[in-house]
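A.B. asks: If it helps, the file is called entry-v2.cif and holds mmCIF, C-alpha atoms:
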```
data_model
#
loop_
_atom_site.label_atom_id
_atom_site.label_comp_id
_atom_site.auth_asym_id
_atom_site.auth_seq_id
_atom_site.Cartn_x
_atom_site.Cartn_y
_atom_site.Cartn_z
CA MET B 166 2.59 62.78 -28.61
CA ALA B 167 2.68 62.66 -24.81
CA ALA B 168 0.06 65.35 -24.34
CA THR B 169 -0.15 65.17 -20.57
CA ALA B 170 3.62 65.53 -20.28
CA ASP B 171 3.53 68.46 -22.71
CA TYR B 172 0.73 70.09 -20.71
CA GLN B 173 2.75 69.78 -17.50
CA LYS B 174 5.87 71.11 -19.21
CA THR B 175 3.92 74.14 -20.46
CA LEU B 176 2.56 74.80 -16.98
CA ASN B 177 6.02 74.49 -15.44
CA LYS B 178 7.49 76.87 -18.01
CA GLU B 179 4.81 79.44 -17.25
CA LYS B 180 5.36 79.09 -13.50
CA THR B 181 9.13 79.28 -13.95
CA MET B 182 8.73 82.63 -15.72
CA VAL B 183 6.46 83.87 -12.91
CA LEU B 184 9.13 82.89 -10.36
CA ARG B 185 11.91 84.58 -12.32
CA ASN B 186 9.92 87.80 -12.58
CA LEU B 187 9.25 87.73 -8.85
CA GLN B 188 12.95 87.22 -8.12
CA ASN B 189 13.68 90.40 -10.07
CA ASP B 190 11.77 92.23 -7.32
CA LEU B 191 13.94 90.70 -4.58
CA PRO B 192 17.55 91.27 -3.42
CA GLU B 193 20.03 89.45 -5.63
CA PHE B 194 21.18 87.04 -2.90
CA CYS B 195 17.64 85.58 -2.70
CA ARG B 196 18.44 83.62 -5.85
CA LEU B 197 20.79 81.50 -3.74
CA PHE B 198 17.82 80.49 -1.61
CA PHE B 199 15.61 79.52 -4.54
CA ARG B 200 18.36 77.51 -6.18
CA GLY B 201 19.15 75.82 -2.88
CA ILE B 202 15.58 74.61 -2.26
CA GLU B 203 14.74 73.69 -5.85
CA SER B 204 15.35 69.96 -5.44
CA ASN B 205 12.94 69.48 -2.53
CA THR B 206 10.14 71.97 -3.21
CA SER B 207 7.55 72.39 -5.94
CA ILE B 208 7.57 75.38 -8.27
CA LEU B 209 4.29 76.55 -6.70
CA THR B 210 5.84 76.49 -3.22
CA ARG B 211 8.76 78.59 -4.45
CA ILE B 212 6.39 81.07 -6.07
CA ASN B 213 4.51 81.44 -2.78
CA TYR B 214 7.82 81.97 -0.97
CA ALA B 215 8.73 84.68 -3.48
CA TYR B 216 5.45 86.54 -2.95
CA ASP B 217 5.89 86.38 0.82
CA LEU B 218 9.52 87.51 0.69
CA ARG B 219 8.69 90.41 -1.60
CA LEU B 220 6.07 91.54 0.90
CA PHE B 221 8.59 91.21 3.75
CA PHE B 222 11.35 93.21 2.06
CA THR B 223 8.85 95.89 1.01
CA PHE B 224 7.76 96.15 4.65
CA LEU B 225 11.38 96.51 5.83
CA SER B 226 12.15 99.26 3.30
CA LYS B 227 9.07 101.27 4.29
CA LYS B 228 8.51 100.65 7.99
CA ILE B 229 11.80 99.73 9.73
CA PRO B 230 14.19 102.69 10.33
CA GLU B 231 17.33 100.62 9.76
CA PHE B 232 16.15 99.71 6.24
CA ILE B 233 14.12 102.70 5.07
CA GLY B 234 15.38 103.81 1.68
CA VAL B 235 17.63 100.78 1.18
CA GLN B 236 17.36 99.64 -2.43
CA TYR B 237 17.07 95.94 -3.20
CA SER B 238 20.35 96.15 -5.11
CA ASP B 239 22.07 97.38 -1.92
CA PHE B 240 20.50 94.76 0.36
CA ASP B 241 23.12 92.08 0.93
CA ILE B 242 23.09 88.93 3.07
CA LYS B 243 24.82 90.58 6.02
CA LYS B 244 21.92 92.98 6.41
CA LEU B 245 19.79 89.98 7.39
CA GLU B 246 21.70 89.98 10.69
CA LEU B 247 20.30 93.45 11.46
CA ILE B 248 16.81 91.95 11.57
CA ASN B 249 15.66 91.11 15.08
CA ARG B 250 12.65 89.45 16.66
CA ILE B 251 10.84 92.75 17.17
CA HIS B 252 11.02 93.40 13.42
CA ILE B 253 9.39 90.02 12.75
CA ASP B 254 6.67 90.73 15.31
CA MET B 255 6.08 94.13 13.68
CA PHE B 256 5.79 92.43 10.28
CA LEU B 257 3.18 89.99 11.59
CA GLU B 258 1.21 92.86 13.09
CA HIS B 259 1.49 94.73 9.78
CA LEU B 260 -0.10 91.76 8.02
CA ASN B 261 -3.35 92.27 9.92
CA TYR B 262 -4.20 95.10 7.53
CA TYR B 263 -2.21 96.89 4.83
CA LYS B 264 -2.53 98.27 1.32
CA ASN B 265 -0.80 96.75 -1.68
CA ASP B 266 -1.10 98.60 -5.01
CA GLU B 267 -3.95 100.59 -3.43
CA LEU B 268 -5.81 97.37 -2.67
CA GLU B 269 -6.71 96.63 0.94
CA ARG B 270 -5.29 93.37 2.31
CA GLU B 271 -6.00 91.45 5.48
CA ASN B 272 -4.40 88.35 6.96
CA HIS B 273 -5.83 86.20 9.70
CA GLU B 274 -3.84 83.64 11.67
CA ARG B 275 -3.59 81.12 8.84
CA GLY B 276 -2.28 83.71 6.37
CA LYS B 277 0.26 85.03 8.87
CA ALA B 278 1.38 81.48 9.68
CA ARG B 279 2.09 80.78 6.02
CA LYS B 280 4.16 83.93 5.63
CA LEU B 281 6.07 83.25 8.83
CA SER B 282 6.73 79.72 7.56
CA SER B 283 8.23 81.23 4.39
CA LEU B 284 10.54 83.42 6.49
CA ARG B 285 11.54 80.42 8.59
CA SER B 286 12.59 78.48 5.50
CA PHE B 287 14.42 81.53 4.16
CA PHE B 288 16.44 82.26 7.30
CA LYS B 289 17.07 78.59 8.04
CA TYR B 290 18.63 78.13 4.60
CA PHE B 291 21.14 80.94 5.07
CA TYR B 292 21.85 79.98 8.69
CA ARG B 293 22.56 76.35 7.80
CA SER B 294 24.66 77.51 4.86
CA GLU B 295 26.72 79.50 7.43
CA LEU B 296 26.08 82.72 5.54
CA ILE B 297 24.46 84.38 8.57
CA GLY B 298 25.30 83.89 12.24
CA LYS B 299 21.80 83.76 13.73
CA ASN B 300 18.27 82.75 12.87
CA VAL B 301 15.94 85.17 14.66
CA VAL B 302 12.79 83.83 13.02
CA GLU B 303 13.11 80.62 15.05
CA LEU B 304 12.52 82.74 18.17
CA VAL B 305 9.05 83.76 16.95
CA ASP B 306 6.15 81.46 17.79
CA MET B 307 3.83 80.41 15.03
CA PRO B 308 0.33 81.93 15.31
CA LYS B 309 -2.08 79.56 17.00
CA LEU B 310 -4.44 78.23 14.38
CA LYS B 311 -8.04 77.40 15.05
CA GLU B 312 -9.24 74.15 13.55
CA LYS B 313 -11.31 74.93 10.50
CA PRO B 314 -14.53 72.94 10.19
CA ILE B 315 -14.69 70.70 7.14
CA ILE B 316 -17.03 72.27 4.62
CA LYS B 317 -18.50 69.53 2.48
CA LEU B 318 -21.65 68.30 0.84
CA GLU B 319 -23.96 65.89 2.63
CA ALA B 320 -25.14 62.76 0.81
CA ASP B 321 -28.55 64.23 -0.05
CA GLU B 322 -26.90 67.42 -1.32
CA VAL B 323 -24.70 65.39 -3.68
CA VAL B 324 -27.82 63.75 -5.12
CA LYS B 325 -29.53 67.13 -5.55
CA LEU B 326 -26.42 68.55 -7.22
CA ILE B 327 -26.19 65.81 -9.87
CA LYS B 328 -29.93 66.02 -10.58
CA SER B 329 -29.66 69.80 -10.88
CA VAL B 330 -26.91 69.50 -13.50
CA GLU B 331 -28.90 66.91 -15.42
CA SER B 332 -32.01 69.09 -15.52
CA GLY B 333 -30.40 72.54 -15.68
CA CYS B 334 -33.26 73.72 -13.46
CA ASN B 335 -31.27 76.37 -11.60
CA LEU B 336 -29.55 77.93 -14.61
CA SER B 337 -30.15 81.35 -16.10
CA PRO B 338 -31.65 81.70 -19.62
CA THR B 339 -28.18 82.43 -21.00
CA GLN B 340 -26.66 79.40 -19.29
CA ILE B 341 -29.50 77.19 -20.53
CA LYS B 342 -28.51 77.94 -24.14
CA TYR B 343 -25.13 76.26 -23.63
CA HIS B 344 -26.32 73.56 -21.24
CA LYS B 345 -27.12 71.02 -23.95
CA PHE B 346 -23.51 71.24 -25.14
CA THR B 347 -21.89 71.06 -21.70
CA LYS B 348 -24.26 68.92 -19.58
CA LYS B 349 -22.46 65.60 -20.04
CA ARG B 350 -19.07 67.22 -19.53
CA ASP B 351 -20.20 69.06 -16.41
CA ILE B 352 -21.66 65.92 -14.84
CA ALA B 353 -18.44 64.05 -15.63
CA ILE B 354 -16.42 66.79 -13.93
CA LEU B 355 -18.52 66.73 -10.77
CA VAL B 356 -18.71 62.95 -10.43
CA LEU B 357 -14.95 62.65 -10.98
CA LEU B 358 -14.27 65.19 -8.23
CA LEU B 359 -16.88 63.68 -5.90
CA GLY B 360 -16.09 60.07 -6.78
CA THR B 361 -12.28 60.09 -6.66
CA GLY B 362 -11.22 63.08 -4.52
CA MET B 363 -8.68 64.17 -7.11
CA ARG B 364 -7.30 67.71 -7.10
CA ILE B 365 -8.45 70.24 -9.67
CA SER B 366 -4.97 70.29 -11.28
CA GLU B 367 -5.01 66.50 -11.54
CA LEU B 368 -8.43 66.55 -13.21
CA ILE B 369 -7.51 69.22 -15.75
CA GLY B 370 -4.34 67.37 -16.73
CA ILE B 371 -6.14 64.13 -17.70
CA ASP B 372 -5.91 63.00 -21.31
CA ILE B 373 -8.32 60.55 -22.93
CA LYS B 374 -5.57 57.93 -23.14
CA ASP B 375 -5.10 58.13 -19.36
CA ILE B 376 -8.49 56.45 -18.82
CA ASP B 377 -8.78 52.66 -18.65
CA LEU B 378 -12.45 51.69 -18.51
CA GLY B 379 -11.42 48.04 -18.32
CA VAL B 380 -10.27 48.51 -14.71
CA ASN B 381 -12.16 51.74 -13.91
CA GLY B 382 -8.85 53.54 -13.49
CA ILE B 383 -7.30 56.88 -14.41
CA LYS B 384 -3.62 57.81 -14.50
CA ILE B 385 -3.10 61.24 -12.98
CA THR B 386 -0.14 63.51 -12.29
CA ARG B 387 0.12 64.33 -8.59
CA LYS B 388 1.65 67.41 -6.99
CA GLY B 389 5.37 67.26 -7.61
CA GLY B 390 4.95 65.42 -10.92
CA ASN B 391 4.54 61.87 -9.60
CA LYS B 392 2.24 59.57 -11.55
CA SER B 393 -0.51 57.65 -9.81
CA ILE B 394 -3.49 55.50 -10.75
CA ILE B 395 -6.80 56.16 -9.01
CA TYR B 396 -9.93 54.07 -9.35
CA PHE B 397 -13.57 55.01 -9.70
CA SER B 398 -16.95 53.37 -9.19
CA ASP B 399 -19.37 52.07 -11.79
CA GLU B 400 -21.52 55.17 -11.12
CA VAL B 401 -18.63 57.41 -12.18
CA ARG B 402 -17.91 55.11 -15.13
CA PHE B 403 -21.49 55.49 -16.40
CA HIS B 404 -21.27 59.28 -16.59
CA LEU B 405 -17.69 59.23 -17.86
CA GLU B 406 -18.57 56.88 -20.72
CA SER B 407 -21.53 59.07 -21.64
CA TYR B 408 -19.28 62.11 -21.86
CA LEU B 409 -16.54 60.25 -23.75
CA GLU B 410 -19.01 59.42 -26.53
CA GLN B 411 -19.66 63.13 -26.94
CA ARG B 412 -16.01 64.11 -26.47
CA ARG B 413 -14.82 61.90 -29.35
CA GLU B 414 -17.09 63.86 -31.71
CA ILE B 415 -15.46 67.18 -30.79
CA GLN B 416 -12.51 68.33 -32.88
CA ALA B 417 -10.22 70.05 -30.39
CA LEU B 418 -7.82 72.82 -31.35
CA PRO B 419 -4.18 71.90 -32.09
CA GLU B 420 -2.22 70.90 -28.96
CA HIS B 421 -5.51 70.19 -27.14
CA GLU B 422 -6.53 67.10 -29.13
CA ASN B 423 -5.94 64.60 -26.33
CA ALA B 424 -7.35 66.60 -23.42
CA LEU B 425 -10.28 64.91 -21.71
CA LEU B 426 -12.05 68.09 -20.63
CA LEU B 427 -12.55 70.85 -23.18
CA SER B 428 -14.00 74.34 -22.95
CA LEU B 429 -16.58 75.56 -25.46
CA GLN B 430 -13.60 77.06 -27.30
CA ARG B 431 -12.31 73.47 -27.76
CA ARG B 432 -9.27 74.05 -25.56
CA ARG B 433 -8.27 72.18 -22.42
CA ILE B 434 -10.48 73.60 -19.69
CA SER B 435 -8.78 76.06 -17.34
CA VAL B 436 -8.61 76.12 -13.55
CA ARG B 437 -10.70 79.29 -13.39
CA SER B 438 -13.39 77.87 -15.66
CA LEU B 439 -13.64 74.72 -13.60
CA GLN B 440 -13.85 76.69 -10.35
CA ASN B 441 -16.64 78.83 -11.82
CA LEU B 442 -18.44 75.72 -13.03
CA VAL B 443 -18.52 74.21 -9.54
CA LYS B 444 -19.73 77.49 -8.03
CA LYS B 445 -22.43 77.87 -10.71
CA TYR B 446 -24.02 74.53 -9.92
CA THR B 447 -23.63 74.52 -6.13
CA LYS B 448 -24.68 78.05 -5.18
CA ASP B 449 -28.41 77.26 -5.42
CA ILE B 450 -28.14 73.75 -3.95
CA VAL B 451 -26.24 74.85 -0.84
CA PRO B 452 -26.49 78.67 -0.65
CA LEU B 453 -24.97 78.79 2.85
CA LYS B 454 -21.84 76.85 1.84
CA ASN B 455 -19.09 78.26 -0.35
CA ILE B 456 -18.29 75.11 -2.33
CA SER B 457 -15.09 74.93 -4.37
CA PRO B 458 -13.50 71.97 -6.18
CA HIS B 459 -11.40 71.41 -3.05
CA LYS B 460 -14.58 71.16 -0.95
CA LEU B 461 -15.76 68.37 -3.28
CA ARG B 462 -12.44 66.65 -2.57
CA SER B 463 -13.17 67.03 1.16
CA THR B 464 -16.63 65.56 0.56
CA TYR B 465 -15.08 62.44 -0.98
CA GLY B 466 -12.43 62.14 1.74
CA THR B 467 -15.07 62.44 4.44
CA MET B 468 -17.34 59.82 2.89
CA LEU B 469 -14.43 57.42 2.34
CA TYR B 470 -13.27 57.78 5.94
CA GLN B 471 -16.78 57.36 7.30
CA GLU B 472 -17.22 54.17 5.28
CA THR B 473 -13.81 52.60 5.96
CA GLY B 474 -12.40 54.21 9.12
CA ASP B 475 -8.99 53.65 7.46
CA ILE B 476 -7.02 56.90 7.65
CA TYR B 477 -4.07 55.36 5.77
CA LEU B 478 -6.30 54.39 2.86
CA VAL B 479 -7.78 57.90 2.76
CA ALA B 480 -4.29 59.44 2.81
CA ASP B 481 -3.14 57.18 -0.02
CA VAL B 482 -6.18 57.78 -2.22
CA LEU B 483 -6.03 61.56 -1.70
CA GLY B 484 -2.30 61.62 -2.41
CA HIS B 485 -1.22 63.00 0.98
CA LYS B 486 2.49 62.40 1.56
CA ASP B 487 2.07 62.60 5.34
CA VAL B 488 -0.78 60.69 6.96
CA ASN B 489 -0.77 63.23 9.80
CA THR B 490 -2.08 65.80 7.32
CA THR B 491 -5.05 63.53 6.70
CA ARG B 492 -5.47 62.72 10.39
CA ARG B 493 -5.56 66.40 11.36
CA HIS B 494 -8.04 67.21 8.63
CA TYR B 495 -10.49 64.46 9.54
CA ALA B 496 -9.98 64.51 13.32
CA SER B 497 -13.49 65.91 13.88
CA ILE B 498 -14.98 62.94 12.02
CA ASN B 499 -12.99 60.58 14.21
CA ASP B 500 -14.36 62.31 17.31
CA GLU B 501 -17.88 61.90 15.96
CA ARG B 502 -17.31 58.17 15.45
CA LYS B 503 -16.05 57.92 19.03
CA ARG B 504 -19.16 59.68 20.31
CA ARG B 505 -21.39 57.27 18.40
CA ALA B 506 -19.37 54.34 19.73
CA ALA B 507 -20.07 55.50 23.30
CA ASN B 508 -23.75 54.69 22.81
CA VAL B 509 -23.22 51.28 21.21
CA VAL B 510 -22.57 49.34 24.44
CA LYS B 511 -25.71 49.05 26.61
CA LEU B 512 -25.29 48.51 30.33
CA GLU B 513 -28.93 47.98 31.17
CA ASP B 514 -31.68 46.13 29.41
CA LYS B 515 -34.49 48.64 29.14
#
```
Would you put the structure from the file into structure tokens?
C.D. replies:
Amino acid sequence: MAATADYQKTLNKEKTMVLRNLQNDLPEFCRLFFRGIESNTSILTRINYAYDLRLFFTFLSKKIPEFIGVQYSDFDIKKLELINRIHIDMFLEHLNYYKNDELERENHERGKARKLSSLRSFFKYFYRSELIGKNVVELVDMPKLKEKPIIKLEADEVVKLIKSVESGCNLSPTQIKYHKFTKKRDIAILVLLLGTGMRISELIGIDIKDIDLGVNGIKITRKGGNKSIIYFSDEVRFHLESYLEQRREIQALPEHENALLLSLQRRRISVRSLQNLVKKYTKDIVPLKNISPHKLRSTYGTMLYQETGDIYLVADVLGHKDVNTTRRHYASINDERKRRAANVVKLEDK
């Protein structure tokens, strides 16, 4: 039984149903857009587009005079040509603060940029398909984004984190009761994230058969469904082997038998559980840093770049399709290396 493939199929089915339900809240012609971009976008990207478009059409029907009261069923493609640049600017301003289902929402520049990017893809599709005569969204500048500092663990913080998990010293009395059952698993999770830079989805999808201790390699499923082999150090291998001994003694529930990482309920561990696990162990080690599984990925990427200076290697190991994504992310590290290099050459013998 190809468990990893089955796990991915189940996830894709669930996401497909989410997308279909979202499309029910959009004008009928939007289905043309989602079918048209299916071959070159991931299901998660399309879901994000659907959320953003639903927000946009809700805004039009409530805030723009030309569209107030227009039902989704009456909103056809030609009405897109009534949308002008001012409407888009008003939408971006609306995103600063609004209420959705009585919940307060705020968007800063990065959130507004993502939603504007969704609109750009949407309008570009219909313009290139010659179903509308203009693309007003192209006239709107993307919000200027400030470079976000890389939040990561320092080398000494990584050491403290692993020791903390081994000892359970920062856990509550309730957490201590379960620690003896989860300690080896939790260490394996953290060293895999810190020692390979894999994404949380890639980690959760690993089956026992995907691990080859002979070459210190793991087969993972990247974003988009591509398979890749990543390699780990002997340090990671030590903790992974220790957990595997325990894992083979656990009888998982049906359809979860081959999963590497199990919850206490003997099911494949979930994204939320893994996120909570990382937060549980890091909050006392680095109370001023909000560490997520992605921040552990950044920690690995930073350490790898500092050690090698090879941005192409870092991009390949992290699974970035575009090396410029990696270069932008680690530009501040490159600047730091340049500053250090400035002091290497001595002009005077003092």
A.B. asks: Smallest atom-to-atom distance to B:Asn177: which of B:Arg275, B:Lys388, B:Lys244, B:Lys444, using only C-alpha atoms?
C.D. replies: B:Lys388
A.B. asks: Could you spell out the hits of the PyMOL selection byres ((chain B and resi 489-496) around 12) on the shown file, as an NGL selection string?
C.D. replies: :B and (311-317 or 463-471 or 474-488 or 497-503)
A.B. asks: On this file, the PyMOL selection byres ((chain B and resi 389-398) around 9) gives some set of residues; write that set as a count of residues only.
C.D. replies: 24
A.B. asks: With distances taken over all atoms listed in the file, which of B:Leu218, B:Asn423, B:Tyr262, B:Leu355 is nearest to B:Ser329?
C.D. replies: B:Leu355
A.B. asks: Using all atoms listed in the file, which of the listed residues (B:Leu310, B:Leu358, B:Val302, B:Leu176) sits closest to B:Ser435?
C.D. replies: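 When distances to B:Ser435 are compared using all atoms listed in the file, the smallest one comes from B:Leu176.
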A.B. asks: Out of B:Arg413, B:Arg364, B:Lys345, B:Lys299, which residue has the shortest atom-to-atom distance to B:Leu247 when counting all atoms listed in the file?
C.D. replies: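 For B:Leu247, the nearest of the given residues is B:Lys299.
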A.B. asks: Report the residues retrieved by the PyMOL selection byres ((chain B and resi 189-193) around 9) from the displayed file, expressed as a list in words.
C.D. replies: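 That expression, the PyMOL selection byres ((chain B and resi 189-193) around 9), corresponds here to Leu184, Arg185, Asn186, Leu187, Gln188, Phe194, Cys195, Arg196, Leu197, Ala215, Leu218, Arg219, Phe222, Gln236, Tyr237, Ser238, Asp239, Phe240, Asp241 and Ile242 of chain B.
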A.B. asks: Between atom CA of B:Leu209 and atom CA of B:Pro419, what is the distance, to one decimal in Å?
C.D. replies: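 The value is 27.2 Å.
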A.B. asks: Provide the atom CA of B:Gln411 to atom CA of B:Leu359 distance in Å, to one decimal place.
C.D. replies: 21.2 Å
A.B. asks: May I ask which of the residues B:Thr473, B:Leu318, B:Glu258, B:Phe198 is the closest one to B:Leu296, counting all atoms listed in the file?
C.D. replies: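 Using all atoms listed in the file, the shortest distance to B:Leu296 belongs to B:Phe198.
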A.B. asks: Report the distance between atom CA of B:Met307 and atom CA of B:Ile253 in Å, rounded to one decimal place.
C.D. replies: 11.3 Å
A.B. asks: For B:Tyr292, which of B:Leu245, B:Leu442, B:Ala320, B:Leu268 is the closest residue, counting all atoms listed in the file?
C.D. replies: B:Leu245
